[in-house]
Each structure stands twice: as structure tokens, then as C-alpha cells.
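S.K.: coords_20.tsv is reproduced in full below (TSV, C-alpha atoms).
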```tsv
chain	number	residue	atom	x	y	z
A	257	MET	CA	86.76	-93.61	1.68
A	258	ASP	CA	89.45	-94.37	-0.84
A	259	THR	CA	87.87	-93.35	-4.13
A	260	GLY	CA	90.80	-94.54	-6.17
A	261	GLU	CA	91.58	-91.01	-7.31
A	262	ARG	CA	95.26	-91.82	-6.95
A	263	TYR	CA	94.93	-93.91	-10.09
A	264	HIS	CA	91.74	-93.07	-11.97
A	265	GLY	CA	90.42	-89.63	-11.03
A	266	THR	CA	87.81	-88.55	-8.54
A	267	ALA	CA	84.83	-90.42	-9.97
A	268	SER	CA	85.94	-94.03	-9.71
A	269	ILE	CA	86.73	-96.79	-7.23
A	270	LEU	CA	89.48	-99.14	-8.30
A	271	PHE	CA	89.62	-102.87	-7.60
A	272	GLY	CA	92.51	-104.94	-8.87
A	273	SER	CA	94.77	-107.98	-8.82
A	274	ASN	CA	98.26	-108.62	-10.07
A	275	SER	CA	100.23	-111.85	-10.10
A	276	ASN	CA	103.44	-109.96	-9.33
A	277	ASP	CA	101.85	-108.25	-6.37
A	278	THR	CA	103.37	-109.31	-3.07
A	279	LYS	CA	100.87	-111.40	-1.17
A	280	THR	CA	100.72	-110.55	2.49
A	281	GLY	CA	100.14	-113.35	5.00
A	282	ALA	CA	96.54	-114.19	5.90
A	283	LEU	CA	95.81	-114.10	9.52
A	284	TYR	CA	94.80	-112.80	11.98
A	285	PRO	CA	96.92	-99.28	32.79
A	286	GLY	CA	98.26	-98.35	35.33
A	287	LEU	CA	98.34	-95.01	37.02
A	288	PRO	CA	101.33	-92.63	36.74
A	289	ALA	CA	103.61	-92.44	39.74
A	290	PRO	CA	102.83	-89.56	42.09
A	291	GLY	CA	105.04	-86.55	41.69
A	292	LEU	CA	105.39	-82.91	42.56
A	293	SER	CA	103.10	-80.52	40.76
A	294	SER	CA	103.40	-76.81	40.14
A	295	ALA	CA	99.62	-76.47	39.84
A	296	PRO	CA	97.91	-74.40	42.55
A	297	ALA	CA	96.48	-76.30	45.49
A	298	GLN	CA	92.90	-77.47	45.24
A	299	ALA	CA	90.40	-75.17	46.88
A	300	PRO	CA	89.41	-76.50	50.34
A	301	TYR	CA	85.99	-77.82	51.13
A	302	PRO	CA	83.87	-74.86	52.39
A	303	TYR	CA	83.75	-76.02	56.02
A	304	ALA	CA	86.19	-78.17	57.94
A	305	ASN	CA	83.47	-78.94	60.49
A	306	PRO	CA	80.01	-79.59	59.02
A	307	TYR	CA	78.49	-79.17	62.50
A	308	ASN	CA	80.02	-75.70	62.94
A	309	PRO	CA	79.61	-73.71	59.72
A	310	GLN	CA	81.28	-70.69	61.32
A	311	GLN	CA	84.57	-72.55	61.63
A	312	GLN	CA	86.51	-71.90	58.42
A	313	ALA	CA	88.39	-74.72	56.81
A	314	SER	CA	92.13	-74.83	57.04
A	315	THR	CA	93.91	-74.30	53.76
A	316	SER	CA	95.93	-77.45	54.52
A	317	TYR	CA	92.82	-79.59	54.57
A	318	ILE	CA	91.14	-81.08	51.52
A	319	ARG	CA	88.11	-83.23	52.15
A	320	PRO	CA	88.57	-86.71	50.70
A	321	PRO	CA	85.89	-88.11	48.38
A	322	PRO	CA	83.12	-89.97	50.16
A	323	PRO	CA	83.19	-93.77	50.11
A	324	ILE	CA	80.85	-95.69	47.86
A	325	PRO	CA	77.65	-96.34	49.82
A	326	GLY	CA	77.63	-99.74	51.47
A	327	SER	CA	81.24	-100.59	50.64
A	328	GLY	CA	83.06	-98.77	53.39
A	329	ILE	CA	86.02	-98.50	51.00
A	330	PRO	CA	87.29	-95.17	49.64
A	331	PRO	CA	86.84	-94.93	45.85
A	332	GLN	CA	90.56	-94.90	45.17
A	333	LEU	CA	90.88	-98.34	46.79
A	334	ILE	CA	87.99	-100.03	44.96
A	335	PRO	CA	89.48	-102.86	42.86
A	336	PRO	CA	88.66	-102.87	39.13
A	337	THR	CA	85.79	-104.99	37.93
A	338	GLN	CA	86.49	-108.12	35.89
A	339	ALA	CA	85.40	-106.31	32.71
A	340	GLU	CA	87.74	-103.41	33.44
A	341	ALA	CA	90.63	-105.72	34.27
A	342	SER	CA	90.16	-107.72	31.06
A	343	LYS	CA	90.38	-104.67	28.79
A	344	ILE	CA	93.54	-104.52	26.74
A	345	PRO	CA	95.34	-101.23	26.08
A	346	ILE	CA	94.64	-99.81	22.64
A	347	PRO	CA	97.76	-100.38	20.50
A	348	PRO	CA	99.18	-97.30	18.77
A	349	ASP	CA	98.59	-98.89	15.36
A	350	ALA	CA	94.92	-99.71	15.99
A	351	ILE	CA	92.25	-97.64	14.24
A	352	PHE	CA	89.33	-99.00	16.28
A	353	ASP	CA	89.17	-100.02	19.96
A	354	PRO	CA	89.97	-103.78	20.09
A	355	ASN	CA	87.81	-104.06	23.23
A	356	VAL	CA	84.67	-103.39	21.15
A	357	PRO	CA	83.57	-106.63	19.42
A	358	LEU	CA	82.48	-106.61	15.79
A	359	LYS	CA	78.81	-107.07	14.98
A	360	THR	CA	77.90	-110.22	13.08
A	361	VAL	CA	77.23	-109.74	9.35
A	362	SER	CA	74.79	-112.11	7.67
A	363	LEU	CA	75.64	-112.81	4.00
A	364	PRO	CA	73.15	-114.71	1.79
A	365	ARG	CA	74.66	-118.01	0.68
A	366	GLU	CA	73.39	-117.58	-2.89
A	367	CYS	CA	75.36	-114.34	-3.32
A	368	LEU	CA	78.53	-116.04	-4.59
A	369	PRO	CA	77.10	-118.34	-7.29
A	370	ARG	CA	74.72	-115.65	-8.54
A	371	PHE	CA	77.52	-113.08	-8.76
A	372	LEU	CA	79.72	-115.56	-10.65
A	373	ALA	CA	76.87	-116.14	-13.11
A	374	ILE	CA	76.60	-112.38	-13.67
A	375	ALA	CA	80.38	-112.10	-14.10
A	376	LYS	CA	80.67	-115.09	-16.46
A	377	VAL	CA	80.72	-113.06	-19.67
A	378	ASN	CA	83.55	-110.87	-18.38
A	379	THR	CA	85.36	-113.86	-16.89
A	380	GLU	CA	85.43	-115.61	-20.27
A	381	MET	CA	87.01	-112.46	-21.73
A	382	ASN	CA	89.54	-112.40	-18.86
A	383	LYS	CA	88.03	-109.20	-17.42
A	384	GLU	CA	87.21	-108.48	-13.81
A	385	THR	CA	83.69	-107.73	-12.51
A	386	CYS	CA	82.84	-105.91	-9.29
A	387	GLY	CA	79.76	-105.36	-7.13
A	388	LEU	CA	78.68	-103.81	-3.84
A	389	LEU	CA	77.07	-105.68	-0.94
A	390	LEU	CA	74.41	-103.46	0.63
A	391	GLY	CA	72.20	-104.06	3.62
A	392	LYS	CA	70.60	-102.99	6.87
A	393	ASP	CA	71.66	-102.37	10.45
A	394	LYS	CA	69.49	-104.67	12.58
A	395	GLY	CA	70.85	-103.29	15.86
A	396	HIS	CA	72.69	-106.37	17.10
A	397	LYS	CA	73.89	-107.38	13.62
A	398	TYR	CA	74.11	-106.34	9.95
A	399	THR	CA	72.31	-108.14	7.15
A	400	VAL	CA	73.24	-108.07	3.46
A	401	THR	CA	70.05	-107.73	1.43
A	402	THR	CA	71.20	-106.41	-1.96
A	403	LEU	CA	73.91	-107.14	-4.53
A	404	LEU	CA	74.40	-103.99	-6.60
A	405	ILE	CA	76.33	-104.16	-9.88
A	406	PRO	CA	77.46	-100.59	-10.67
A	407	LYS	CA	78.51	-99.11	-13.97
A	408	GLN	CA	82.12	-100.16	-14.49
A	409	ARG	CA	85.04	-100.72	-16.82
A	410	SER	CA	87.61	-103.44	-16.37
A	411	THR	CA	90.78	-105.17	-17.52
A	412	SER	CA	92.31	-108.53	-16.62
A	413	ASP	CA	93.52	-107.21	-13.28
A	414	THR	CA	91.51	-104.06	-12.51
A	415	CYS	CA	87.89	-103.03	-12.28
A	416	THR	CA	86.87	-99.40	-11.98
A	417	MET	CA	83.45	-98.38	-10.68
A	418	ASP	CA	82.06	-95.32	-12.48
A	419	GLU	CA	79.23	-92.86	-11.85
A	420	GLU	CA	79.27	-93.28	-8.09
A	421	GLU	CA	76.46	-90.75	-7.77
A	422	LEU	CA	74.07	-93.42	-9.06
A	423	VAL	CA	75.17	-95.76	-6.27
A	424	LEU	CA	74.75	-93.00	-3.70
A	425	GLN	CA	71.27	-92.21	-4.99
A	426	PHE	CA	70.29	-95.88	-4.87
A	427	THR	CA	71.50	-96.44	-1.31
A	428	GLU	CA	69.89	-93.23	-0.01
A	429	GLU	CA	66.53	-93.95	-1.62
A	430	ARG	CA	66.43	-97.40	-0.04
A	431	SER	CA	68.14	-96.49	3.26
A	432	LEU	CA	70.87	-99.06	2.64
A	433	ILE	CA	74.45	-99.06	3.88
A	434	THR	CA	77.52	-100.52	2.18
A	435	LEU	CA	78.62	-103.56	4.17
A	436	GLY	CA	81.12	-104.99	1.72
A	437	TRP	CA	82.17	-105.45	-1.87
A	438	ILE	CA	82.82	-108.35	-4.22
A	439	HIS	CA	84.95	-108.79	-7.34
A	440	THR	CA	86.51	-111.47	-9.52
A	441	HIS	CA	90.06	-112.51	-10.29
A	442	PRO	CA	89.24	-114.16	-13.65
A	443	SER	CA	92.57	-115.88	-14.19
A	444	GLN	CA	94.44	-115.53	-10.92
A	445	SER	CA	94.29	-117.01	-7.43
A	446	CYS	CA	92.17	-115.91	-4.50
A	447	PHE	CA	94.02	-113.19	-2.57
A	448	MET	CA	93.91	-109.47	-1.79
A	449	SER	CA	96.18	-107.48	-4.11
A	450	SER	CA	97.72	-104.19	-3.01
A	451	VAL	CA	95.04	-102.34	-4.97
A	452	ASP	CA	92.37	-104.42	-3.22
A	453	LEU	CA	93.91	-103.62	0.17
A	454	HIS	CA	93.86	-99.88	-0.49
A	455	THR	CA	90.31	-100.04	-1.83
A	456	HIS	CA	89.10	-101.98	1.19
A	457	SER	CA	90.81	-99.68	3.69
A	458	GLY	CA	88.42	-96.95	2.53
A	459	PHE	CA	85.43	-99.15	3.37
A	460	GLN	CA	86.77	-100.50	6.68
A	461	ARG	CA	87.82	-97.12	8.06
A	462	MET	CA	84.15	-96.10	7.74
A	463	LEU	CA	82.69	-99.35	9.09
A	464	PRO	CA	84.93	-101.82	10.96
A	465	GLU	CA	82.68	-104.74	9.98
A	466	SER	CA	83.21	-104.13	6.24
A	467	PHE	CA	84.46	-107.15	4.30
A	468	ALA	CA	85.72	-108.01	0.82
A	469	VAL	CA	84.80	-111.07	-1.24
A	470	VAL	CA	87.25	-112.27	-3.90
A	471	CYS	CA	86.01	-114.84	-6.44
A	472	ALA	CA	88.63	-116.77	-8.40
A	473	PRO	CA	86.75	-119.21	-10.70
A	474	LYS	CA	89.90	-120.90	-12.01
A	475	SER	CA	91.55	-121.32	-8.62
A	476	ASN	CA	91.14	-123.55	-5.59
A	477	PRO	CA	89.85	-122.23	-3.26
A	478	ASN	CA	87.65	-120.29	-5.64
A	479	PHE	CA	86.53	-117.61	-3.21
A	480	GLY	CA	87.62	-115.84	-0.04
A	481	ILE	CA	85.99	-113.41	2.41
A	482	PHE	CA	88.54	-111.03	3.88
A	483	ARG	CA	89.07	-107.97	6.08
A	484	LEU	CA	92.12	-106.00	7.15
A	485	THR	CA	93.54	-106.85	10.55
A	486	ASP	CA	93.25	-104.06	13.12
A	487	PRO	CA	95.95	-103.80	14.24
A	488	PRO	CA	98.18	-103.74	12.24
A	489	GLY	CA	96.73	-104.08	8.72
A	490	LEU	CA	94.26	-101.18	8.51
A	491	TYR	CA	96.74	-98.69	9.97
A	492	THR	CA	99.54	-99.98	7.72
A	493	ILE	CA	97.50	-99.55	4.53
A	494	LEU	CA	96.10	-96.14	5.51
A	495	GLU	CA	99.65	-94.94	6.20
A	496	CYS	CA	101.06	-96.37	2.95
A	497	LYS	CA	102.29	-93.58	0.64
A	498	ALA	CA	103.23	-95.69	-2.40
A	499	LYS	CA	102.17	-94.12	-5.70
A	500	GLU	CA	102.25	-97.22	-7.89
A	501	ALA	CA	98.99	-99.15	-8.15
A	502	PHE	CA	100.62	-102.53	-7.46
A	503	HIS	CA	103.31	-102.48	-4.77
A	504	PRO	CA	104.55	-104.56	-1.82
A	505	HIS	CA	103.65	-103.97	1.82
A	506	PRO	CA	105.53	-104.80	5.04
A	507	ASP	CA	105.77	-108.43	6.08
A	508	LYS	CA	102.92	-108.24	8.59
A	509	PRO	CA	99.55	-110.00	8.91
A	510	ILE	CA	97.78	-107.37	6.79
A	511	TYR	CA	94.49	-109.18	6.18
A	512	THR	CA	92.58	-112.17	7.49
A	513	ASP	CA	89.61	-114.44	6.78
A	514	ALA	CA	86.38	-112.69	7.79
A	515	ASP	CA	84.19	-115.77	7.22
A	516	LYS	CA	86.01	-117.45	10.10
A	517	GLY	CA	85.03	-114.47	12.24
A	518	HIS	CA	82.11	-112.07	12.09
A	519	VAL	CA	80.76	-112.80	8.56
A	520	GLN	CA	78.32	-115.70	8.47
A	521	MET	CA	76.77	-117.32	5.38
A	522	LYS	CA	73.00	-117.73	5.72
A	523	ASP	CA	70.13	-119.05	3.63
A	524	SER	CA	68.40	-115.70	3.20
A	525	ALA	CA	66.85	-113.63	0.42
A	526	LEU	CA	69.01	-111.55	-1.90
A	527	GLU	CA	67.98	-108.78	-4.29
A	528	ILE	CA	70.17	-108.17	-7.33
A	529	VAL	CA	70.23	-104.80	-9.11
A	530	ASP	CA	72.40	-104.25	-12.20
A	531	LEU	CA	73.01	-100.58	-13.09
A	532	ARG	CA	75.12	-101.29	-16.15
```
Can I see the file as C-alpha cells?
M.R.:
Amino acid sequence: MDTGERYHGTASILFGSNSNDTKTGALYPGLPAPGLSSAPAQAPYPYANPYNPQQQASTSYIRPPPPIPGSGIPPQLIPPTQAEASKIPIPPDAIFDPNVPLKTVSLPRECLPRFLAIAKVNTEMNKETCGLLLGKDKGHKYTVTTLLIPKQRSTSDTCTMDEEELVLQFTEERSLITLGWIHTHPSQSCFMSSVDLHTHSGFQRMLPESFAVVCAPKSNPNFGIFRLTDPPGLYTILECKAKEAFHPHPDKPIYTDADKGHVQMKDSALEIVDLR
């Protein structure tokens, strides 16, 4: 997980926005030919004739694998199933297997207005506010149950989460997992800054379903739910070596709208805990 130590030391997570930050666009086998081998020949099957165990097998004979029962076809000639044929090769710049679908994440609909109400004081002072979206693994899906506001310090375009040990203690005591995070852009538009992208890469490399919510009260649209593309976004950000907090990234589809994908807004209960 990216703890933001590149900018603020080992005990903080950095969120941020910058109007000069380059905005990246939103949105989102064949077998080898046979050849000669220097490896030693495969050991022969013990008996060439199963009805005459005393007859030793010839060293030039290797028993072929038995056919699949009922098919009458040797295994090497069995055609691939539809599921196998539909699999796509894993691209070299993919962190997770694209053939594995994301689980659905249920996000309480009241999360956004209630977070904006909590952040209002900071927003009026042109300061960012951040929070963590915690929840449970329900097996076939994830559900956000808790909005946690950690101890933090902020400016107009950054928000740094402090005392992470308190967050860790809270999540462990309640057996919660971090499913996403949320923060404001008090005076800017709704987008993922380079700092946001690096922060989120730390979450998404741990859980591919992780998502980021950006609230921009003075902009239209006033919120967005995002995730890094994979490929190429997650790999691109994880491989980025830039030292400056705000910096451009390659002209690729780095992030996309998660609420048009696996994140679904639901009318469900939400607990709010403020550690400040």
C-alpha cells in the first residue's frame, strides 16, 4: 500500500488535487511449435505388453496417455471448452487476471451527502477532507458498512491521514476491510489528480475492487466514483518513478468510472465514525 511516505513520511497517507495536474482520460494460446530437445528420453512404460509382464518394453516405445473415458478421443485432440476458448491472454501490463470478474461492491446511497455535511466546515475554509469506506466480504459481493473519518491535516489541494495505527486497530476490532476511500476537492473539479492516482494504486493493488470517491461541491458533476484501469492504468502508476507530488502521466486511459461497473449505490445502512 502506498503510504505516501514519498511526500510526508511513513505515518501518513496523502490525498490531493491540483488544477495544473494533467488530467488523464476517463475510460475504460497456442502451443509452441514442436522442436528438437536435448533432454533425455522419457522413461518407457514398464511393460510393452500388459498381457505378458515378462516381455520388457522397448526403449523406443512410450505408451501414449489413455483417452478420456467415453470420448474415444486422445486427450491431446480434445477441443477446448467454450470457457477456455473465450479466455483472453493476460497482457504484460495487467496486474490482475482480466478473466476473473470483479465482485460487486454495494455503497450506501446516503454516504455522499453525509460525507459532504461532515466536510462542510473544511470546504468553506477551502481545505480538503478525507475518509475511508470500510465493509464486509459477503462471499459473492462486498458491502460498505462504515464511513471512517481518520485524524488528518489538510490544505486546499492535499489531505494527509495521520495516526494510521488507530485505523488499523479499528478495522481489526470490527473485522472490517478497506473497500475504498473518499475525499473532497473543495474548489476544483471532479477528477483524479496524480497524487490521487498514486494513493489509489496502493489500495487497488491489495484489492482489485477498491474504488475512490471524489466530491467536488462547487463543480458539475459534483462527485465521481473511480478506479484505475487494469490494464494499463494500475501498472502505469505502480511503475511511475516521478518524485514530485503533482506530475503528468502517459496519455493512456489511466482511470475509469467504477459506478458504471462494479460499484452500485444502494439504500442501505451506514455507520459513521469520526476519529478526529
S.K.: Can you list, as a PyMOL selection string, every protein, DNA or RNA residue that comes within 8 Å of Asp530 in chain A when you count only C-alpha atoms, leaving out same-chain residues fewer than 2 positions away?
M.R.: chain A and resi 404-406+528+532
S.K.: Which residue out of A:Pro504, A:Gly395, A:Pro487, A:Gly480 has the minimum interatomic distance to Thr360 in chain A when only C-alpha atoms are used?
M.R.: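 Distance minimum relative to Thr360 in chain A lands on A:Gly395.
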S.K.: Under the rule that only C-alpha atoms are counted, which of A:His441, A:Lys359, A:Arg483, A:His454 is the nearest residue to Cys496 in chain A?
M.R.: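 When distances to Cys496 in chain A are compared using only C-alpha atoms, the smallest one comes from A:His454.
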S.K.: So the first atom is CA of Lys383 in chain A and the second is CA of Asp413 in chain A; what is the distance between them in Å, to one decimal place?
M.R.: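 These two atoms are separated by 7.2 Å.
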S.K.: I'd like the interatomic distance between CA of Asn378 in chain A and CA of Ser445 in chain A, to a tenth of an Å.
M.R.: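 Here the two named atoms are 16.5 Å from each other.
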S.K.: Which one of A:Leu453, A:Ala472, A:Ile346, A:Leu435 sits closest to Asn382 in chain A if you count all atoms listed in the file?
M.R.: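 Closest to Asn382 in chain A of all the choices is A:Ala472.
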S.K.: Of the residues A:Thr401, A:Lys407, A:Lys516, A:Lys508, which is the one nearest to Glu421 in chain A, using all atoms listed in the file?
M.R.: A:Lys407
S.K.: What's the separation between CA of Phe352 in chain A and CA of Pro364 in chain A, in Å to one decimal place?
M.R.: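 Atom-to-atom, CA of Phe352 in chain A and CA of Pro364 in chain A are spaced 26.8 Å apart.
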S.K.: Go through A:Glu465, A:Tyr511, A:Ala498, A:Gln408 one by one, measure the shortest atom-to-atom distance of each to Asp452 in chain A using all atoms listed in the file, and give the residue with the smallest value.
M.R.: A:Tyr511
S.K.: From the list A:Ala468, A:Lys499, A:Ile374, A:Asp418, which residue is nearest Asp515 in chain A when using only C-alpha atoms?
M.R.: A:Ala468
